[in-house]
Amino acid sequence: MTDPFWQTKSLTDMTSEEWESLCDGCGRCCLQKLEDEDTGEVHNTSLACQLLDINSCQCSDYANRKEKVPECLKLTVSDIPHFHWLPATCAYRLLSEGKPLYDWHPLISGNPDSIHQSGMSVRAFAQSETTVPEEDWEDYIIPLQSIDS
C-alpha cells in the first residue's frame, strides 16, 4: 500500500485537485477577522462570510467568490507563511509546518462529516456577517481557544 499523497508530496508538488482536497471544510478561514491597528493582533469573530453555507461549511459560490467578495483570499503555497490567521488545525498550515493531519480530517477518516462530528467546524456557532451591522462586529469577537482547541 502506498502512502497518501500528503505524506509523500510537498505542498508545491501537489496537483490543484490534491491541494483543494486538503481543505477539511471547517469554515474557520471564512470567519470575519478584525485586526487591532495598534498591535497587529488578529481577532476572530463568530461572523461568517456572506457566501459561507454554515450548515455545510462550504462556499456557496466558490467559483465566483472573488467577484462577489473581492477581499476573499485564494490560499496558495507561497502565501502560507503570511497567513498567521489560519487556525492551528488547518491542513495547509499543518503540512507546511511538517505536522500530520488530525484523525478527524476527511482525508484520514474517509468521512466528509467527520469535521462536523468532531466539533471542529464553525457549524455550531457561526452566523452570517449579513445579520450584524459591520460597526457591531467587535461584539462578536471570540476567544482564540474556542477555535483552536
# chains A, B, ... in the order shown; residues from 1 in each chain; ligands from 1
$ closest_atom_pairs --of "region 23-87 of chain A" --to "region 100-108 of chain A" --cutoff "12 Å" --atoms "only C-alpha atoms" --output "JSON lines"
{"residue": "A:Cys23", "atom": "CA", "partner": "A:His105", "partner_atom": "CA", "distance": 8.7}
{"residue": "A:Asp24", "atom": "CA", "partner": "A:His105", "partner_atom": "CA", "distance": 5.7}
{"residue": "A:Gly25", "atom": "CA", "partner": "A:Pro106", "partner_atom": "CA", "distance": 8.6}
{"residue": "A:Cys26", "atom": "CA", "partner": "A:His105", "partner_atom": "CA", "distance": 9.4}
$ write_last_selection --atoms "N, CA and C atoms" --output "CSV table (one decimal), in the first residue's frame"
chain,number,residue,atom,x,y,z
A,23,CYS,N,-8.4,21.0,2.1
A,23,CYS,CA,-9.3,21.7,2.9
A,23,CYS,C,-10.2,20.7,3.6
A,24,ASP,N,-10.3,20.9,5.0
A,24,ASP,CA,-11.1,20.0,5.8
A,24,ASP,C,-12.6,20.4,5.8
A,25,GLY,N,-12.9,21.6,5.3
A,25,GLY,CA,-14.3,22.0,5.4
A,25,GLY,C,-14.8,22.5,6.7
A,26,CYS,N,-13.8,23.1,7.5
A,26,CYS,CA,-14.2,23.6,8.8
A,26,CYS,C,-14.9,24.9,8.8
$ residues_around --residues "Pro70 (chain A)" --least-positions-apart "5" --cutoff "12 Å" --atoms "only C-alpha atoms" --output "PDB file with C-alpha atoms, in the first residue's frame"
ATOM      1  CA  CYS A  49     -18.566  35.419   5.153  1.00  0.00           C
ATOM      2  CA  LEU A  51     -21.044  33.240   0.943  1.00  0.00           C
ATOM      3  CA  ASN A  64     -17.193  33.273  -8.350  1.00  0.00           C
ATOM      4  CA  ARG A  65     -16.239  34.179  -4.784  1.00  0.00           C
TER       5      ARG A  65
END
$ closest_residue --among "A:Trp85, A:Trp6, A:Tyr140, A:Tyr62" --to "Glu41 (chain A)" --atoms "only C-alpha atoms"
A:Trp85
$ closest_residue --among "A:Asp136, A:Glu18, A:Asp113, A:Glu37" --to "Cys57 (chain A)" --atoms "only C-alpha atoms"
A:Asp113
$ residues_around --residues "Ser96 (chain A)" --least-positions-apart "5" --cutoff "9 Å" --atoms "only C-alpha atoms" --output "list in words"
Ser10, Leu11, Val77, Ile80, Pro81 and Ala91 of chain A
$ closest_residue --among "A:Lys9, A:Arg123, A:His82, A:His43" --to "Gln58 (chain A)" --atoms "only C-alpha atoms"
A:Arg123
$ select_by_dssp --residues "region 13-108 of chain A" --states "helix (DSSP H, G or I)" --output "compact mmCIF listing (two decimals) with C-alpha atoms, in the first residue's frame"
# COMPACT_ATOMS: atom_id res chain seq x y z
CA ASP A 13 4.29 19.38 -5.89
CA SER A 16 -4.66 21.52 -7.89
CA GLU A 17 -7.09 18.68 -7.08
CA GLU A 18 -4.84 17.41 -4.29
CA TRP A 19 -4.34 20.95 -2.99
CA GLU A 20 -8.09 21.59 -2.86
CA SER A 21 -8.73 18.24 -1.14
CA ARG A 28 -12.79 28.73 10.05
CA CYS A 29 -10.93 30.67 7.38
CA CYS A 30 -14.28 32.14 6.31
CA TYR A 62 -16.69 29.10 -4.76
CA ALA A 63 -16.05 29.62 -8.48
CA ASN A 64 -17.19 33.27 -8.35
CA ARG A 65 -16.24 34.18 -4.78
CA LYS A 66 -13.54 36.69 -5.77
CA GLU A 67 -16.03 38.67 -7.88
CA LYS A 68 -18.66 38.67 -5.13
CA VAL A 77 1.67 27.69 -1.32
CA SER A 78 3.75 30.85 -1.46
CA ASP A 79 1.38 32.70 0.86
CA ILE A 80 1.18 30.18 3.71
CA PRO A 81 3.86 31.81 5.90
CA HIS A 82 1.91 35.08 5.74
CA ALA A 91 -4.22 21.12 6.94
CA TYR A 92 -2.35 23.68 4.84
CA ARG A 93 -0.68 25.10 7.91
CA LEU A 94 -0.06 21.69 9.49
CA LEU A 95 1.63 20.28 6.40
CA SER A 96 3.67 23.43 5.85
CA PRO A 106 -11.84 13.85 5.93
CA LEU A 107 -8.74 12.58 4.07
CA ILE A 108 -7.89 10.46 7.14
